[in-house]
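**Q** Structure file protein-v2.cif (mmCIF, C-alpha atoms) right here:
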```cif
data_final
loop_
_atom_site.label_atom_id
_atom_site.label_comp_id
_atom_site.auth_asym_id
_atom_site.auth_seq_id
_atom_site.Cartn_x
_atom_site.Cartn_y
_atom_site.Cartn_z
CA MET A 17 70.00 23.12 123.51
CA ALA A 18 66.30 22.66 124.24
CA LEU A 19 65.24 23.23 127.82
CA HIS A 20 64.02 19.67 128.28
CA GLU A 21 67.31 18.21 127.11
CA THR A 22 69.52 19.86 129.70
CA ASN A 23 70.65 18.09 132.86
CA SER A 24 72.51 19.36 135.87
CA LEU A 25 75.67 18.06 137.51
CA ARG A 26 75.23 16.59 140.96
CA VAL A 27 78.09 17.27 143.34
CA VAL A 28 78.62 14.99 146.33
CA LEU A 29 80.50 16.29 149.35
CA TYR A 30 82.06 13.08 150.56
CA GLU A 31 83.23 12.77 154.17
CA GLY A 32 83.10 9.00 154.64
CA ALA A 33 85.79 6.37 154.92
CA GLY A 34 89.13 7.46 153.53
CA ALA A 35 88.31 11.17 153.70
CA THR A 36 88.44 13.81 156.40
CA ASP A 37 85.63 16.03 157.65
CA PHE A 38 85.28 19.43 155.93
CA GLY A 39 84.15 21.18 159.09
CA ALA A 40 80.86 23.01 159.47
CA ASP A 41 81.96 26.43 158.24
CA ALA A 42 83.81 25.16 155.19
CA ARG A 43 80.97 22.78 154.36
CA TRP A 44 78.41 25.55 154.58
CA ALA A 45 80.53 27.88 152.43
CA MET A 46 80.95 25.16 149.80
CA LEU A 47 77.24 24.35 149.80
CA THR A 48 76.25 27.97 149.44
CA THR A 49 78.73 28.71 146.66
CA LEU A 50 77.88 25.59 144.70
CA LEU A 51 74.13 26.19 144.98
CA GLU A 52 74.55 29.78 143.88
CA GLN A 53 76.26 28.48 140.78
CA GLY A 54 73.43 26.13 139.93
CA PHE A 55 74.75 22.80 141.16
CA ALA A 56 72.77 20.13 142.92
CA VAL A 57 74.71 19.16 146.03
CA THR A 58 74.49 16.08 148.23
CA ARG A 59 76.09 15.77 151.59
CA THR A 60 76.69 12.18 152.57
CA VAL A 61 77.29 10.78 156.05
CA ALA A 62 77.67 7.21 157.17
CA GLY A 63 74.24 5.60 157.37
CA GLY A 64 72.48 8.70 156.08
CA ARG A 65 69.89 8.58 153.31
CA VAL A 66 70.06 10.67 150.19
CA ALA A 67 68.40 10.49 146.80
CA PRO A 68 69.67 7.70 144.58
CA GLN A 69 71.58 8.58 141.45
CA VAL A 70 69.39 7.51 138.56
CA ARG A 71 71.61 8.45 135.66
CA GLY A 72 73.81 11.31 134.55
CA GLN A 73 76.94 12.80 135.96
CA LEU A 74 78.24 12.68 139.49
CA LEU A 75 81.17 14.65 140.84
CA VAL A 76 82.45 13.43 144.19
CA LEU A 77 84.58 15.87 146.17
CA GLY A 78 86.50 14.97 149.28
CA GLN A 79 89.61 15.55 151.31
CA PHE A 80 91.23 12.21 150.68
CA ALA A 81 94.20 10.70 152.47
CA ASP A 82 97.47 11.81 150.87
CA GLY A 83 95.46 13.96 148.49
CA ALA A 84 94.73 10.97 146.29
CA ALA A 85 91.19 10.61 144.99
CA PRO A 86 90.18 6.99 144.56
CA GLU A 87 89.31 5.57 141.17
CA VAL A 88 85.61 4.88 140.85
CA GLU A 89 83.76 3.34 137.95
CA GLY A 90 80.29 4.32 136.84
CA ASP A 91 77.60 1.79 136.08
CA GLY A 92 76.88 2.56 132.46
CA THR A 93 74.11 5.05 133.16
CA THR A 94 76.08 7.19 135.59
CA GLN A 95 79.49 8.71 135.08
CA VAL A 96 81.40 9.30 138.28
CA ARG A 97 84.39 11.56 138.75
CA VAL A 98 86.19 11.83 142.08
CA ARG A 99 88.37 14.80 142.90
CA ASP A 100 90.48 15.67 145.90
CA VAL A 101 89.85 19.17 147.24
CA THR A 102 92.22 19.17 150.19
CA GLY A 103 93.19 22.73 150.98
CA CYS A 104 90.63 24.24 148.61
CA ASP A 105 88.31 26.98 149.78
CA ALA A 106 84.71 27.31 148.57
CA THR A 107 85.67 29.46 145.60
CA ALA A 108 88.28 26.98 144.42
CA VAL A 109 85.85 24.09 144.88
CA ALA A 110 83.20 25.89 142.83
CA ALA A 111 85.77 26.67 140.11
CA LEU A 112 86.73 23.00 139.98
CA ALA A 113 83.09 21.92 139.76
CA THR A 114 82.40 24.49 137.06
CA ALA A 115 85.34 23.23 135.02
CA GLU A 116 84.08 19.66 135.39
CA ARG A 117 80.61 20.72 134.35
CA GLN A 118 81.91 22.47 131.26
CA ALA A 119 84.07 19.48 130.40
CA ALA A 120 81.00 17.26 130.66
CA GLY A 121 79.05 19.59 128.38
CA LEU A 122 76.35 20.13 130.98
CA ASP A 123 74.22 23.20 131.45
CA GLY A 124 75.13 25.65 134.18
CA GLY A 125 71.64 26.94 134.84
CA GLY A 126 70.76 30.49 135.61
CA ALA A 127 70.59 31.66 132.01
CA TRP A 128 66.82 31.72 132.29
CA LYS A 129 64.76 32.70 135.32
CA PRO A 130 62.52 29.67 135.78
CA TRP A 131 59.23 31.51 135.48
CA PHE A 132 56.44 29.42 134.04
CA PRO A 133 52.92 28.26 134.87
CA VAL A 134 52.54 25.26 137.16
CA ILE A 135 49.13 23.66 136.92
CA ASP A 136 47.28 22.41 139.99
CA TYR A 137 45.42 19.44 138.55
CA ASP A 138 43.39 19.11 141.74
CA ARG A 139 41.73 22.30 140.58
CA CYS A 140 42.07 22.35 136.80
CA THR A 141 38.92 21.52 134.84
CA ASN A 142 40.65 21.43 131.46
CA CYS A 143 38.59 24.37 130.25
CA MET A 144 41.40 25.55 127.94
CA GLN A 145 41.02 29.23 128.82
CA CYS A 146 44.75 29.43 129.49
CA LEU A 147 45.56 27.82 126.16
CA SER A 148 43.19 30.18 124.43
CA PHE A 149 44.62 33.21 126.24
CA CYS A 150 48.37 32.71 125.95
CA LEU A 151 49.94 34.39 122.94
CA PHE A 152 53.33 32.80 123.43
CA GLY A 153 52.61 29.12 122.91
CA VAL A 154 53.45 28.08 126.46
CA TYR A 155 50.48 25.73 126.74
CA GLY A 156 49.59 22.63 124.82
CA VAL A 157 47.72 19.40 125.36
CA ASP A 158 49.03 15.91 125.95
CA ALA A 159 47.98 12.77 124.12
CA ASN A 160 44.87 12.62 126.30
CA HIS A 161 43.91 16.19 125.42
CA LYS A 162 44.83 17.37 128.89
CA ILE A 163 46.21 20.86 129.29
CA GLN A 164 49.86 21.16 130.22
CA ALA A 165 52.70 23.66 130.11
CA GLN A 166 54.90 22.52 127.25
CA ASN A 167 57.16 25.41 126.34
CA GLU A 168 58.07 26.84 129.72
CA ASP A 169 60.91 28.98 128.47
CA GLN A 170 58.57 30.86 126.15
CA CYS A 171 56.70 32.27 129.15
CA LYS A 172 57.17 35.99 129.79
CA THR A 173 59.11 36.50 132.99
CA ASN A 174 57.08 37.97 135.84
CA CYS A 175 53.83 37.90 133.86
CA PRO A 176 51.07 36.01 135.73
CA ALA A 177 48.29 37.01 133.32
CA CYS A 178 47.10 33.50 132.46
CA SER A 179 46.68 32.67 136.13
CA ARG A 180 44.29 35.58 136.38
CA VAL A 181 42.06 34.30 133.62
CA CYS A 182 41.88 30.82 135.14
CA PRO A 183 38.40 30.51 136.67
CA GLU A 184 39.58 27.82 139.09
CA ALA A 185 42.75 29.51 140.40
CA ALA A 186 44.56 26.42 139.15
CA ILE A 187 47.60 28.15 137.67
CA MET A 188 50.54 28.92 139.91
CA PHE A 189 53.74 30.81 139.40
CA PRO A 190 55.80 29.69 142.41
CA LYS A 191 58.09 32.72 142.21
CA TYR A 192 55.19 35.17 142.24
CA LYS A 193 54.92 37.53 145.20
CA ALA A 194 51.41 36.81 146.44
CA GLY A 195 48.93 34.01 146.97
CA PRO A 196 47.29 32.01 145.67
CA ILE A 197 49.28 32.47 142.47
CA ASN A 198 52.50 31.70 144.37
CA GLY A 199 51.10 28.34 145.48
CA ASP A 200 49.57 29.44 148.73
CA GLU A 201 46.31 27.72 149.59
CA VAL A 202 43.31 28.83 147.57
CA GLN A 203 40.70 30.39 149.79
CA ALA A 204 37.05 30.62 148.98
CA ALA A 205 37.51 34.37 148.56
CA ASP A 206 40.10 33.79 145.85
CA LEU A 207 37.50 32.22 143.65
CA GLY A 208 36.44 35.64 142.46
CA LYS A 209 38.77 34.95 139.56
CA GLU A 210 35.90 35.23 137.15
CA LYS A 211 35.36 38.69 138.55
CA MET A 212 38.97 39.55 137.90
CA LYS A 213 38.54 38.41 134.35
CA VAL A 214 35.52 40.63 133.93
CA ASP A 215 37.43 43.49 135.49
CA ILE A 216 40.25 43.13 132.98
CA SER A 217 37.75 43.00 130.17
CA ALA A 218 36.01 46.08 131.50
CA LEU A 219 39.30 47.88 131.74
CA LEU A 220 39.93 47.19 128.11
CA GLY A 221 36.41 47.73 126.94
CA GLY A 222 36.31 44.31 125.32
CA ASP A 223 38.67 41.42 125.11
CA VAL A 224 42.36 41.83 125.72
CA TYR A 225 43.51 41.32 122.19
CA SER A 226 41.00 43.50 120.42
CA ALA A 227 41.82 46.24 122.92
CA LEU A 228 45.50 45.85 122.26
CA ARG A 229 44.85 45.92 118.54
CA ALA A 230 42.79 49.06 118.84
CA ARG A 231 45.40 50.77 120.98
CA SER A 232 48.17 49.78 118.62
CA THR A 233 46.23 50.99 115.62
CA GLN A 234 45.60 54.31 117.28
CA ALA A 235 49.23 54.54 118.25
CA LYS A 236 50.31 53.65 114.72
CA GLU A 237 48.23 56.47 113.32
CA ARG A 238 49.76 58.84 115.79
CA PHE A 239 53.22 57.55 114.95
CA SER A 240 52.70 58.31 111.28
CA ARG A 241 51.40 61.74 112.07
CA GLU A 242 53.95 62.74 114.58
CA ARG A 243 57.04 60.87 113.48
CA ASP A 244 58.28 61.37 116.95
CA GLU A 245 59.44 58.06 118.36
CA LYS A 246 59.99 59.24 121.88
CA LYS A 247 56.56 60.83 122.09
CA ALA A 248 54.97 57.77 120.54
CA LEU A 249 56.70 55.48 122.97
CA ASN A 250 55.51 57.57 125.88
CA GLU A 251 51.98 57.41 124.57
CA ARG A 252 52.07 53.67 124.13
CA GLN A 253 53.46 53.27 127.61
CA LYS A 254 50.67 55.43 129.00
CA CYS A 255 48.05 53.34 127.25
CA LEU A 256 49.49 50.12 128.47
CA THR A 257 50.13 51.19 132.05
CA LYS A 258 46.44 50.80 132.76
CA LEU A 259 46.50 47.27 131.45
CA ALA A 260 49.65 46.51 133.38
CA GLN A 261 48.12 47.72 136.61
CA GLY A 262 44.80 45.99 136.06
CA GLY A 263 46.24 42.61 135.19
CA ASP A 264 49.58 42.88 136.99
CA ILE A 265 51.25 42.31 133.67
CA PRO A 266 54.78 43.73 133.48
CA ILE A 267 54.92 46.72 131.19
CA GLU A 268 57.96 45.14 129.50
CA VAL A 269 55.78 42.24 128.43
CA LEU A 270 53.14 44.50 127.00
CA MET A 271 55.72 46.66 125.27
CA SER A 272 57.27 43.59 123.69
CA LEU A 273 54.05 42.37 122.16
CA PRO A 274 54.30 41.95 118.41
CA ALA A 275 52.54 44.01 115.80
CA PRO A 276 48.72 44.02 115.89
CA GLU A 277 48.45 41.70 112.91
CA GLU A 278 50.74 39.19 114.58
CA ILE A 279 48.82 39.45 117.85
CA LEU A 280 45.63 38.71 115.96
CA ARG A 281 47.21 35.77 114.17
CA ARG A 282 48.57 34.26 117.38
CA ALA A 283 45.29 34.78 119.20
CA GLU A 284 43.47 32.96 116.41
CA VAL A 285 45.99 30.09 116.54
CA ALA A 286 45.64 29.81 120.32
CA LYS A 287 41.86 29.89 120.15
CA ALA A 288 41.85 27.24 117.43
CA LYS A 289 44.14 25.00 119.51
CA ALA A 290 41.88 25.42 122.52
CA ALA A 291 38.76 24.72 120.47
CA ALA A 292 40.33 21.59 118.98
CA ALA A 293 41.38 20.37 122.42
CA LEU A 294 37.92 20.96 123.81
CA ALA A 295 36.29 19.21 120.87
CA ALA A 296 38.58 16.22 121.35
CA GLN A 297 37.66 15.80 125.00
CA PRO A 298 35.36 12.88 125.71
CA THR A 299 31.87 13.99 126.62
CA PRO A 300 31.07 13.35 130.29
CA MET B 7 66.87 5.66 164.90
CA ASN B 8 66.50 3.20 162.05
CA CYS B 9 68.36 4.83 159.19
CA GLU B 10 66.55 2.69 156.63
CA ARG B 11 63.29 4.34 157.63
CA ALA B 12 64.56 7.82 158.42
CA PRO B 13 63.15 10.41 156.04
CA ARG B 14 65.48 12.01 153.56
CA ILE B 15 65.94 15.78 153.53
CA LEU B 16 65.81 18.01 150.47
CA TYR B 17 66.66 21.70 150.58
CA CYS B 18 65.81 24.13 147.75
CA HIS B 19 67.93 27.27 147.52
CA CYS B 20 65.41 29.08 145.27
CA GLN B 21 68.44 30.54 143.57
CA TYR B 22 66.77 32.36 140.70
CA ALA B 23 64.33 34.59 142.57
CA GLN B 24 64.31 36.67 145.70
CA VAL B 25 61.02 35.44 147.08
CA VAL B 26 62.45 33.43 149.94
CA SER B 27 64.05 35.30 152.80
CA ALA B 28 67.83 35.10 152.52
CA GLU B 29 68.06 34.96 156.31
CA VAL B 30 65.79 31.93 156.51
CA LYS B 31 67.58 30.13 153.71
CA GLN B 32 70.96 30.86 155.25
CA ALA B 33 69.91 29.73 158.72
CA VAL B 34 68.38 26.49 157.48
CA LEU B 35 71.32 25.63 155.26
CA ARG B 36 73.83 26.52 157.95
CA GLU B 37 72.06 24.24 160.40
CA LEU B 38 71.97 21.39 157.91
CA ALA B 39 75.66 21.88 157.21
CA ALA B 40 76.51 21.96 160.89
CA THR B 41 74.65 18.85 161.96
CA GLY B 42 75.56 15.32 161.10
CA VAL B 43 72.75 14.67 158.67
CA ALA B 44 72.88 13.58 155.08
CA PHE B 45 70.81 15.66 152.71
CA ASP B 46 70.29 16.75 149.14
CA ALA B 47 70.27 20.38 148.11
CA VAL B 48 69.24 21.84 144.77
CA ALA B 49 69.78 25.29 143.37
CA ASP B 50 66.18 25.73 142.26
CA LEU B 51 63.35 23.22 142.14
CA CYS B 52 61.48 25.34 139.60
CA GLU B 53 64.35 25.04 137.18
CA LEU B 54 64.61 21.27 137.63
CA SER B 55 60.87 20.99 137.04
CA ALA B 56 60.95 23.10 133.89
CA ARG B 57 63.78 20.97 132.55
CA ARG B 58 62.05 17.70 133.46
CA ASP B 59 65.40 16.93 135.03
CA PRO B 60 65.68 13.22 135.89
CA ALA B 61 67.14 14.29 139.24
CA LEU B 62 63.57 15.09 140.33
CA ALA B 63 62.54 11.47 139.96
CA ALA B 64 65.45 10.43 142.13
CA LEU B 65 64.54 13.04 144.72
CA ALA B 66 60.92 11.87 144.77
CA ALA B 67 61.79 8.18 144.96
CA GLY B 68 62.78 6.18 147.97
CA GLY B 69 60.15 6.82 150.58
CA GLY B 70 59.76 9.52 153.20
CA VAL B 71 61.14 12.94 152.44
CA LYS B 72 61.14 16.33 154.15
CA ILE B 73 61.48 19.27 151.82
CA ALA B 74 62.51 22.79 152.79
CA ALA B 75 61.24 24.92 149.93
CA CYS B 76 58.07 26.97 149.50
CA PHE B 77 54.32 26.34 149.50
CA PRO B 78 53.37 22.65 149.65
CA ARG B 79 50.86 23.07 146.80
CA ALA B 80 53.55 24.55 144.57
CA VAL B 81 56.06 21.86 145.48
CA LYS B 82 53.55 19.08 144.83
CA TRP B 83 52.77 20.28 141.33
CA LEU B 84 56.33 21.31 140.48
CA PHE B 85 57.33 17.68 140.98
CA HIS B 86 54.34 16.53 138.97
CA ALA B 87 55.24 18.88 136.14
CA GLY B 88 58.72 17.43 136.27
CA GLN B 89 57.20 13.97 135.78
CA ALA B 90 58.11 12.86 139.30
CA ASP B 91 55.17 12.69 141.68
CA LEU B 92 55.96 12.90 145.37
CA PRO B 93 54.55 10.22 147.69
CA MET B 94 51.49 11.84 149.27
CA GLU B 95 51.71 9.94 152.55
CA GLU B 96 55.44 10.35 152.99
CA THR B 97 56.16 13.94 152.12
CA GLU B 98 56.33 16.92 154.44
CA VAL B 99 57.06 20.34 153.02
CA PHE B 100 58.41 23.23 155.06
CA ASN B 101 57.72 26.65 153.67
CA MET B 102 60.68 29.00 153.81
CA ARG B 103 58.43 31.82 152.56
CA THR B 104 56.18 31.73 155.59
CA GLN B 105 57.80 29.73 158.38
CA THR B 106 60.65 30.80 160.61
CA ALA B 107 64.05 29.17 160.36
CA ALA B 108 63.61 27.82 163.89
CA GLU B 109 60.33 26.11 162.97
CA ILE B 110 61.84 24.57 159.88
CA ILE B 111 64.98 23.38 161.62
CA ALA B 112 62.92 21.79 164.38
CA GLY B 113 60.69 20.11 161.81
CA LEU B 114 63.59 18.75 159.81
CA ALA B 115 65.11 17.32 162.99
CA ARG B 116 61.96 15.44 163.93
CA PRO B 117 62.35 11.75 163.11
CA GLU B 118 58.85 11.32 161.71
CA VAL B 119 57.22 12.75 158.61
CA ARG B 120 53.98 14.66 159.02
CA PRO B 121 52.53 14.54 155.52
CA ASN B 122 51.13 17.87 154.37
CA LEU B 123 50.80 17.83 150.61
CA PRO B 124 47.36 19.23 149.77
CA ARG B 125 44.61 17.03 148.43
CA GLY B 126 41.62 18.07 146.41
CA LYS B 127 40.43 21.60 146.12
CA VAL B 128 38.77 24.30 148.09
CA THR B 129 35.57 25.40 146.45
CA ALA B 130 33.07 28.10 147.16
CA ALA B 131 31.06 25.43 149.00
CA ASP B 132 33.87 25.20 151.55
CA ALA B 133 33.41 28.81 152.60
CA PRO B 134 31.68 29.34 155.91
CA PRO B 135 28.04 30.30 155.50
CA VAL B 136 27.66 34.06 155.35
CA ALA B 137 25.01 34.07 158.08
CA ALA B 138 27.19 32.02 160.43
CA ALA B 139 30.16 34.26 159.79
CA ALA B 140 28.06 37.33 160.49
CA GLN B 141 26.87 35.88 163.78
CA ASN B 142 30.46 35.49 164.91
#
```
Just give me the structure of the file as structure tokens.
**A**
Amino acid sequence: MALHETNSLRVVLYEGAGATDFGADARWAMLTTLLEQGFAVTRTVAGGRVAPQVRGQLLVLGQFADGAAPEVEGDGTTQVRVRDVTGCDATAVAALATAERQAAGLDGGGAWKPWFPVIDYDRCTNCMQCLSFCLFGVYGVDANHKIQAQNEDQCKTNCPACSRVCPEAAIMFPKYKAGPINGDEVQAADLGKEKMKVDISALLGGDVYSALRARSTQAKERFSRERDEKKALNERQKCLTKLAQGGDIPIEVLMSLPAPEEILRRAEVAKAKAAAALAAQPTP
Amino acid sequence: MNCERAPRILYCHCQYAQVVSAEVKQAVLRELAATGVAFDAVADLCELSARRDPALAALAAGGGVKIAACFPRAVKWLFHAGQADLPMEETEVFNMRTQTAAEIIAGLARPEVRPNLPRGKVTAADAPPVAAAAQN
């Protein structure tokens, strides 16, 4: 199932008319367990405001009188199920919700760490450097030729490299450790991004991809000479460690790069996409 | 308090990364669970955003909202990426990466929203003049 086609199940902890209070400890345990298993959870109270249910699936859990969950009808866009959880602990409640989710054919979440670029359009100038840089097809342009992240699940987990080539510090990875990439405010001092880009280039003695190609070619020659996979792997790791440290790119990402010819092909495709997007932009 | 105008509360558990202090998350969620407030909680806003989950639009709709999550700039653009822009004048974000649980709990309990989504960008021109900085 494509990432953009998956929805989550919203669980409502109901404590209104006809149901008894869960109690603070039990409520907290249920909330924690359900959230850890990827559910969205709403706690309702009389007169309280929560987000409306637009469409999709709703699972209402409560401790109903006589253990009888009321019958509730959906409205055509929302399916509602009501279940009595009297006497259930948090684990049992989560198991029930999981079973309902599976029965509804909904995604459980957690299969993919949500690591992807988030663009700050207050900063972005649509320069297409990110599109040109990314080898994995994460970026694309919308109908108005505006840059956007389109294939989030193709992004390489923990790799913030594209944010480092952005001259405007406009690319965030909210789960990154440090600012401004994590979404912290951009300070004037952070705008040395261009410098960082130059530094990476200097580290590689050229552009990233030609350096990778050169290193891979050298490694390939060594591989054929030595026929020693372990030694070759060590050598490749050594070569790439410098790049990993300079650009904060996880070594796993670098090690998983495709063959040099494929890197070259992808780089050309990305550059062509960026050039086409730039050419299509209206002139100011 | 007029419940029609009271801000909603949204809590993000940041389930799929360890960048938010577990102690802060636990304290905030425990307080929400213990008090008599209605609220929405999601496992991970990043995941909802990446999925373009329609739940985001529901969370962004309906007026004032206080969000316990991470950096306001990240939250603003996560919602945008999820095709659900937050109301600039009615959104207050509490940052569980940098604020204490006590600060966040106090902020969530306040009846009014203090909007803090960022606007515009900081540029090199916003930096204090070098000479002035040196004088200080």
**Q** Selection in question (the file shown): the PyMOL selection byres ((chain B) within 8 of (chain A)). Which residues does it include, as a PyMOL selection string?
**A** chain B and resi 9-10+12-15+19+21-23+25+35-36+39-50+52-53+56-61+64-68+76-80+83-84+87+125-133
**Q** Just the number, please: distance in Å from atom CA of Ser55 of chain B to atom CA of Val81 of chain B, one decimal.
**A**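 Taking atom CA of Ser55 of chain B and atom CA of Val81 of chain B, their separation equals 9.8 Å.
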**Q** Just checking: using only C-alpha atoms, which residue out of A:Gly124, A:Pro266, A:Pro183, A:Gly34 ends up closest to Ala84 of chain A?
**A**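 Going through A:Gly124, A:Pro266, A:Pro183, A:Gly34 one by one, the smallest distance to Ala84 of chain A is for A:Gly34.
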**Q** Calculate how many Å separate atom CA of Leu270 of chain A from atom CA of Pro176 of chain A, rounding to one decimal.
**A**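 Computed distance, atom CA of Leu270 of chain A to atom CA of Pro176 of chain A, equals 12.4 Å.
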**Q** Which residue out of A:Thr49, A:Val285, A:Asp158, A:Asp264 has the minimum interatomic distance to Thr107 of chain A when all atoms listed in the file are used?
**A**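 Comparing A:Thr49, A:Val285, A:Asp158, A:Asp264 against Thr107 of chain A, the winner is A:Thr49.
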**Q** Starting from the PyMOL selection byres ((chain B and resi 94-97) around 7), expand the selection into actual residues of this file and give them as an MDAnalysis selection string.
**A** chainID B and resid 69:72 92:93 98:99 119 121:123
**Q** Between A:Ala159, A:Ala35, A:Cys146, A:Leu273, which has the minimum distance to Asp100 of chain A (counting only C-alpha atoms)?
**A** A:Ala35
**Q** Could you please determine the separation between atom CA of Met144 of chain A and atom CA of Ala290 of chain A in Å, to one decimal place?
**A**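 Atom-to-atom, atom CA of Met144 of chain A to atom CA of Ala290 of chain A, that is 5.4 Å.
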**Q** Rank nothing, just name the residue among B:Leu54, B:His86, B:Arg116, B:Ala75 nearest to Val34 of chain B, using only C-alpha atoms.
**A**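 Of the candidates, the smallest distance to Val34 of chain B is held by B:Ala75.
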**Q** Please write segment 84-135 of chain B of the preceding block to a file containing C-alpha atoms, as an mmCIF file, in the first residue's frame?
**A**
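Written out: part.cif:
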```
data_model
loop_
_atom_site.group_PDB
_atom_site.id
_atom_site.type_symbol
_atom_site.label_atom_id
_atom_site.label_comp_id
_atom_site.auth_asym_id
_atom_site.auth_seq_id
_atom_site.Cartn_x
_atom_site.Cartn_y
_atom_site.Cartn_z
ATOM 1 C CA LEU B 84 4.575 19.399 8.988
ATOM 2 C CA PHE B 85 0.912 20.370 8.901
ATOM 3 C CA HIS B 86 1.430 22.221 5.638
ATOM 4 C CA ALA B 87 3.131 19.193 4.111
ATOM 5 C CA GLY B 88 0.155 17.167 5.252
ATOM 6 C CA GLN B 89 -2.097 19.556 3.320
ATOM 7 C CA ALA B 90 -3.625 20.987 6.495
ATOM 8 C CA ASP B 91 -2.404 24.464 7.376
ATOM 9 C CA LEU B 92 -2.727 25.511 10.994
ATOM 10 C CA PRO B 93 -4.441 28.825 11.776
ATOM 11 C CA MET B 94 -1.581 31.268 12.357
ATOM 12 C CA GLU B 95 -3.452 33.448 14.843
ATOM 13 C CA GLU B 96 -4.937 30.601 16.834
ATOM 14 C CA THR B 97 -2.135 28.124 17.278
ATOM 15 C CA GLU B 98 0.309 27.849 20.147
ATOM 16 C CA VAL B 99 2.979 25.180 20.063
ATOM 17 C CA PHE B 100 4.771 23.894 23.144
ATOM 18 C CA ASN B 101 8.137 22.346 22.515
ATOM 19 C CA MET B 102 8.735 19.136 24.434
ATOM 20 C CA ARG B 103 12.332 19.105 23.155
ATOM 21 C CA THR B 104 13.263 22.324 24.898
ATOM 22 C CA GLN B 105 10.635 23.228 27.484
ATOM 23 C CA THR B 106 10.105 21.632 30.857
ATOM 24 C CA ALA B 107 7.029 19.561 31.590
ATOM 25 C CA ALA B 108 5.956 22.140 34.168
ATOM 26 C CA GLU B 109 6.101 24.957 31.613
ATOM 27 C CA ILE B 110 4.119 22.965 29.101
ATOM 28 C CA ILE B 111 1.491 21.849 31.585
ATOM 29 C CA ALA B 112 1.022 25.426 32.778
ATOM 30 C CA GLY B 113 0.731 26.639 29.197
ATOM 31 C CA LEU B 114 -1.816 24.004 28.250
ATOM 32 C CA ALA B 115 -3.898 24.927 31.286
ATOM 33 C CA ARG B 116 -4.031 28.612 30.374
ATOM 34 C CA PRO B 117 -7.407 29.458 28.859
ATOM 35 C CA GLU B 118 -6.029 31.683 26.123
ATOM 36 C CA VAL B 119 -3.890 30.877 23.110
ATOM 37 C CA ARG B 120 -0.653 32.786 22.661
ATOM 38 C CA PRO B 121 0.063 32.303 18.964
ATOM 39 C CA ASN B 122 3.684 31.452 18.251
ATOM 40 C CA LEU B 123 3.930 29.939 14.795
ATOM 41 C CA PRO B 124 6.858 31.619 13.041
ATOM 42 C CA ARG B 125 6.329 34.040 10.196
ATOM 43 C CA GLY B 126 8.759 34.966 7.488
ATOM 44 C CA LYS B 127 12.425 34.267 7.663
ATOM 45 C CA VAL B 128 15.535 35.367 9.424
ATOM 46 C CA THR B 129 18.108 36.603 6.982
ATOM 47 C CA ALA B 130 21.663 37.753 7.295
ATOM 48 C CA ALA B 131 20.259 41.293 7.429
ATOM 49 C CA ASP B 132 18.608 40.424 10.739
ATOM 50 C CA ALA B 133 21.942 39.774 12.395
ATOM 51 C CA PRO B 134 23.146 42.459 14.753
ATOM 52 C CA PRO B 135 25.781 44.691 13.185
#
```
